[in-house]
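Novice: Pasting in a structure now, in structure tokens, and then I'll have a few things to ask.
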Amino acid sequence: MKRKALVALSIVGVLALVASVFPFAFGGGASAAGPERFLIFTSGDPPVNERARQALEQRGGRTLSVMHITPGLDLIDVLVPAPPGELLSQIARIPGVLEVSPDQPPELLDDPELRWGVDRVDADLVWSSGGAGQAGIGSPSPREGSVTGGLTGAGVTIAIVDSGIDLDHPDLSPNLATSGNANCIDTADDTCSTALLADDGYGHGSHVAGIAAAADNAIGVIGVAPGATLLSVKIFDNSGSSSFASVVNGIRYVAGRDSAGNVVSPRRADVMNMSFGWSKSLSKQCPSCVTTLQTIINEAWAAGVVPVAAAGNSGNKQGSGDNVGYPARLTNVLAVAATDSADKRASFSSTGSTVDIAAPGVSIYSTYKDGAYATLSGTSMASPHVAGAAALVIEAAGAGWTPGGVVSALTGTADDLGSGGFDTKYGWGLLDAQQAATGVATTP
Ligand SMILES: [Ca+2]
Ligand SMILES: [Ca+2]
């Protein structure tokens, strides 16, 4: 036993050493022996792309897709045989190749250490008043069948860009879009396909979807906007893995664009929830990834989509420093911090000047995969509260609403928390969905 442990330890030591000498060798999340996934950013000139592809394919590499991001920036998503070091150096030296990076898959922003497991409940369970998921969205807490004010998000579509949505969940299926649900991770090139199921085999996306818009149907839970339409845009597979390309394609799908950036449809949703992200060090690891994300977020914004994102789970106990992640820290993204049932910032909730608003994100009970329910924590859970509230604001505003107007309504009516006015822990304060949508102040 002792010897076995020693051997295991020494392998870890060698791996760590190799990884530090060859930073490319263990990036991308693929196994060390198999081909690994990389992102090649180019100036977009066809001869440059061709030279990069030739160099790659002569050495047994494979092009998965070429994405046009913006004039002067193309992204080639590739598989490179191991060890990739020399080939990638060669490609990086081609004039017009701007950057070579290991794939940068995003992470889901629930907190695995706080995952309380799946609680299967009886179908007749009705939302209890103790449910933290409803705290702060206006009181008294809405219960099944008792939604008042006439605002439910009806006619508004919320895209859940996530691990899919449990398509036959009795508390979600009534609100699921009848067409357009797409899978952007199980295709060969991570483009979005409506031919593949956008079902959730992981659980995170179903949880997020329920917080935003679980049905008001006398079972389970009720979402912030129980009359809104849910569009599933699956960018995480059933094991919770994703890729940079699937994010680009998924967000573009919501904005009505194809992977080449061409407008192929009006926007497919009015609100886009992103309970995933990267740490802010993405700007050092892959600067062109950040440029790419800002470009596609701006496309969505210009198409009339309200982008809402989890601020990140990189906060510290004292709430100091700037540790908001991407895409939350980008321009034109509403960044959501997490609070607990006492309206205090969750210690994991990221802080910084790009936090816009706060919402419940600790021990949130919502829908889960396989028809179940679960309690999860994270800024992942805070974000869809705001996405649901955005749907209420849009319904109330009627024709002529703009993403900027929706953002102003949400931040301008938030209940101030922490230090007076805007602060780096809560942004403008705790979401007040009712006041944001109706203009009527409620007692927190
Ligand atoms: Ca329900
Ligand atoms: Ca404040």
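In the structure tokens, chains take letters A, B, ... by order of appearance, with residues numbered from 1 within each chain and ligands from 1 in the order shown.
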Mind checking which residues fall within 6 Å of Asp200 of chain A, counting only C-alpha atoms, ignoring those fewer than 6 positions away in the same chain, and posting them as an MDAnalysis selection string?

Specialist: chainID A and resid 163:166

Novice: Hey, what does DSSP flag as alpha helix (DSSP H) within segment 112-304 of chain A? Can you give it to me as a VMD selection string?

Specialist: chain A and resid 204 to 213 244 to 255 282 to 285 287 to 302

Novice: Residues within 7 Å of ligand 1 (only C-alpha atoms and all ligand atoms), as a short mmCIF file (atom, residue, chain, number, x, y, z; two decimals) with C-alpha atoms, in the first residue's frame?

Specialist:
data_model
loop_
_atom_site.label_atom_id
_atom_site.label_comp_id
_atom_site.auth_asym_id
_atom_site.auth_seq_id
_atom_site.Cartn_x
_atom_site.Cartn_y
_atom_site.Cartn_z
CA GLU A 144 -48.14 28.23 -6.97
CA ASP A 171 -42.36 21.85 -13.95
CA ALA A 214 -40.54 27.05 -13.57
CA ALA A 215 -44.24 26.76 -14.30
CA ASP A 216 -47.05 28.00 -12.07
CA ASN A 217 -48.83 24.66 -12.09
CA ALA A 218 -49.40 23.60 -8.48
CA ILE A 219 -46.38 21.30 -8.41
CA GLY A 220 -42.79 21.74 -7.31
CA VAL A 221 -41.43 25.25 -7.58
CA ILE A 222 -42.35 28.46 -9.32
#

Novice: Using only C-alpha atoms and all ligand atoms, find each residue with an atom at most 12 Å away from ligand 2 and format the answer as a PyMOL selection string.

Specialist: chain A and resi 343-345+353+355-358+411-412+414-431

Novice: Using N, CA and C atoms, can you write the selected residues to a file as a short mmCIF file (atom, residue, chain, number, x, y, z; two decimals), in the first residue's frame?

Specialist:
data_model
loop_
_atom_site.label_atom_id
_atom_site.label_comp_id
_atom_site.auth_asym_id
_atom_site.auth_seq_id
_atom_site.Cartn_x
_atom_site.Cartn_y
_atom_site.Cartn_z
N ASP A 343 -29.79 38.14 3.26
CA ASP A 343 -29.43 39.24 2.36
C ASP A 343 -27.97 39.68 2.55
N LYS A 344 -27.11 38.73 2.93
CA LYS A 344 -25.67 39.01 3.00
C LYS A 344 -24.99 38.38 1.80
N ARG A 345 -23.93 39.03 1.32
CA ARG A 345 -23.17 38.47 0.22
C ARG A 345 -22.66 37.08 0.59
N SER A 353 -15.81 46.19 -9.42
CA SER A 353 -16.58 47.33 -9.92
C SER A 353 -17.52 46.95 -11.05
N VAL A 355 -19.62 44.32 -10.84
CA VAL A 355 -20.85 43.73 -10.29
C VAL A 355 -21.98 44.74 -10.46
N ASP A 356 -23.11 44.30 -11.01
CA ASP A 356 -24.22 45.22 -11.25
C ASP A 356 -25.33 45.10 -10.22
N ILE A 357 -25.62 43.87 -9.78
CA ILE A 357 -26.82 43.64 -8.97
C ILE A 357 -26.62 42.34 -8.21
N ALA A 358 -27.42 42.14 -7.15
CA ALA A 358 -27.31 40.93 -6.34
C ALA A 358 -28.66 40.21 -6.30
N THR A 411 -31.40 47.69 -12.25
CA THR A 411 -30.41 48.23 -11.32
C THR A 411 -30.97 49.44 -10.57
N GLY A 412 -31.85 50.20 -11.24
CA GLY A 412 -32.37 51.42 -10.63
C GLY A 412 -33.37 51.18 -9.52
N ALA A 414 -33.13 48.29 -7.51
CA ALA A 414 -32.56 47.33 -6.56
C ALA A 414 -32.53 47.95 -5.16
N ASP A 415 -32.71 47.08 -4.15
CA ASP A 415 -32.69 47.55 -2.76
C ASP A 415 -31.25 47.64 -2.29
N ASP A 416 -30.82 48.82 -1.92
CA ASP A 416 -29.42 49.04 -1.54
C ASP A 416 -29.01 48.14 -0.39
N LEU A 417 -27.84 47.52 -0.53
CA LEU A 417 -27.26 46.70 0.53
C LEU A 417 -25.81 47.15 0.71
N GLY A 418 -25.22 46.76 1.83
CA GLY A 418 -23.81 47.10 2.07
C GLY A 418 -23.64 48.60 2.21
N SER A 419 -22.49 49.08 1.76
CA SER A 419 -22.25 50.52 1.87
C SER A 419 -23.21 51.27 0.96
N GLY A 420 -23.52 52.51 1.31
CA GLY A 420 -24.56 53.27 0.63
C GLY A 420 -24.32 53.43 -0.86
N GLY A 421 -25.37 53.21 -1.65
CA GLY A 421 -25.25 53.35 -3.10
C GLY A 421 -24.50 52.18 -3.71
N PHE A 422 -23.96 52.40 -4.90
CA PHE A 422 -23.25 51.33 -5.59
C PHE A 422 -22.05 50.88 -4.77
N ASP A 423 -21.83 49.57 -4.72
CA ASP A 423 -20.60 49.07 -4.09
C ASP A 423 -20.15 47.81 -4.82
N THR A 424 -18.95 47.36 -4.51
CA THR A 424 -18.33 46.27 -5.28
C THR A 424 -18.77 44.89 -4.84
N LYS A 425 -19.59 44.81 -3.77
CA LYS A 425 -20.07 43.49 -3.31
C LYS A 425 -21.46 43.18 -3.86
N TYR A 426 -22.32 44.20 -3.85
CA TYR A 426 -23.72 44.00 -4.25
C TYR A 426 -24.09 44.77 -5.51
N GLY A 427 -23.16 45.51 -6.09
CA GLY A 427 -23.52 46.38 -7.20
C GLY A 427 -24.51 47.42 -6.73
N TRP A 428 -25.64 47.55 -7.42
CA TRP A 428 -26.66 48.53 -7.03
C TRP A 428 -27.57 48.01 -5.94
N GLY A 429 -27.40 46.72 -5.59
CA GLY A 429 -28.18 46.18 -4.48
C GLY A 429 -28.96 44.94 -4.86
N LEU A 430 -29.87 44.55 -3.96
CA LEU A 430 -30.64 43.31 -4.13
C LEU A 430 -31.76 43.50 -5.14
N LEU A 431 -31.85 42.58 -6.07
CA LEU A 431 -32.92 42.59 -7.07
C LEU A 431 -34.29 42.75 -6.42
#

Novice: Would you mind telling me which residue in A:Val80, A:Ala359, A:Val263, A:Ala328 lies nearest to Val290 of chain A when using only C-alpha atoms?

Specialist: A:Ala328

Novice: Quick one: contact table of segment 213-277 of chain A to segment 174-179 of chain A, 6 Å max, nearest atom pair and distance in Å to one decimal per residue, counting only C-alpha atoms, chain and number order, as JSON lines?

Specialist:
{"residue": "A:Thr229", "atom": "CA", "partner": "A:Asn175", "partner_atom": "CA", "distance": 5.0}
{"residue": "A:Leu230", "atom": "CA", "partner": "A:Leu176", "partner_atom": "CA", "distance": 4.7}
{"residue": "A:Leu231", "atom": "CA", "partner": "A:Ala177", "partner_atom": "CA", "distance": 5.4}

Novice: Go ahead and save the picked residues with C-alpha atoms, as a PDB file, in the first residue's frame.

Specialist:
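Written output follows (selection_4.pdb):
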ATOM      1  CA  THR A 229     -40.784  30.821 -22.566  1.00  0.00           C
ATOM      2  CA  LEU A 230     -37.574  28.865 -21.943  1.00  0.00           C
ATOM      3  CA  LEU A 231     -35.184  28.259 -24.834  1.00  0.00           C
TER       4      LEU A 231
END

Novice: Rank A:Asn273, A:Ser206, A:Gln104, A:Gln58 by their smallest atom-to-atom distance to Tyr365 of chain A, using only C-alpha atoms, and report the top residue only.

Specialist: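 Among the listed residues, the smallest separation from Tyr365 of chain A belongs to A:Ser206.
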
Novice: If you run DSSP over the backbone, which residues in segment 198-350 of chain A end up strand (DSSP E)? Put them as a PyMOL selection string.

Specialist: chain A and resi 229-234+271-274+276-277+306-310+334-339

Novice: Which residues are near Asn262 of chain A? Cut-off 12 Å, only C-alpha atoms, ignore same chain within fewer than 3 positions. Put them as an NGL selection string.

Specialist: :A and (67-70 or 249 or 252-253 or 255-259 or 265-266 or 296 or 299)

Novice: Take the residues from that selection and put them in a file with C-alpha atoms, as an mmCIF file, in the first residue's frame.

Specialist:
data_model
loop_
_atom_site.group_PDB
_atom_site.id
_atom_site.type_symbol
_atom_site.label_atom_id
_atom_site.label_comp_id
_atom_site.auth_asym_id
_atom_site.auth_seq_id
_atom_site.Cartn_x
_atom_site.Cartn_y
_atom_site.Cartn_z
ATOM 1 C CA MET A 67 -15.108 30.966 -37.177
ATOM 2 C CA HIS A 68 -15.143 34.521 -38.422
ATOM 3 C CA ILE A 69 -15.324 36.734 -35.336
ATOM 4 C CA THR A 70 -14.852 40.267 -36.653
ATOM 5 C CA ASN A 249 -21.737 29.350 -31.316
ATOM 6 C CA ARG A 252 -24.409 33.662 -31.640
ATOM 7 C CA TYR A 253 -27.320 31.272 -31.962
ATOM 8 C CA ALA A 255 -28.419 36.508 -31.296
ATOM 9 C CA GLY A 256 -29.651 34.952 -34.567
ATOM 10 C CA ARG A 257 -26.240 34.478 -36.156
ATOM 11 C CA ASP A 258 -24.463 31.453 -37.564
ATOM 12 C CA SER A 259 -20.916 30.469 -36.571
ATOM 13 C CA SER A 265 -32.559 34.991 -38.036
ATOM 14 C CA PRO A 266 -34.060 37.613 -35.736
ATOM 15 C CA ILE A 296 -20.301 38.267 -29.681
ATOM 16 C CA GLU A 299 -23.727 41.287 -31.357
#

Novice: A:Ile158, A:Leu56, A:Leu392, A:Leu109: which is nearest Ser279 of chain A, counting only C-alpha atoms?

Specialist: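 Of A:Ile158, A:Leu56, A:Leu392, A:Leu109, the one nearest Ser279 of chain A is A:Leu109, counting only C-alpha atoms.
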
Novice: Identify which of the residues A:Val406, A:Ala198, A:Ala182, A:Ser43 lies closest to Asp168 of chain A, counting only C-alpha atoms when measuring atom-to-atom distances.

Specialist: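 Of A:Val406, A:Ala198, A:Ala182, A:Ser43, the one nearest Asp168 of chain A is A:Ala198, counting only C-alpha atoms.
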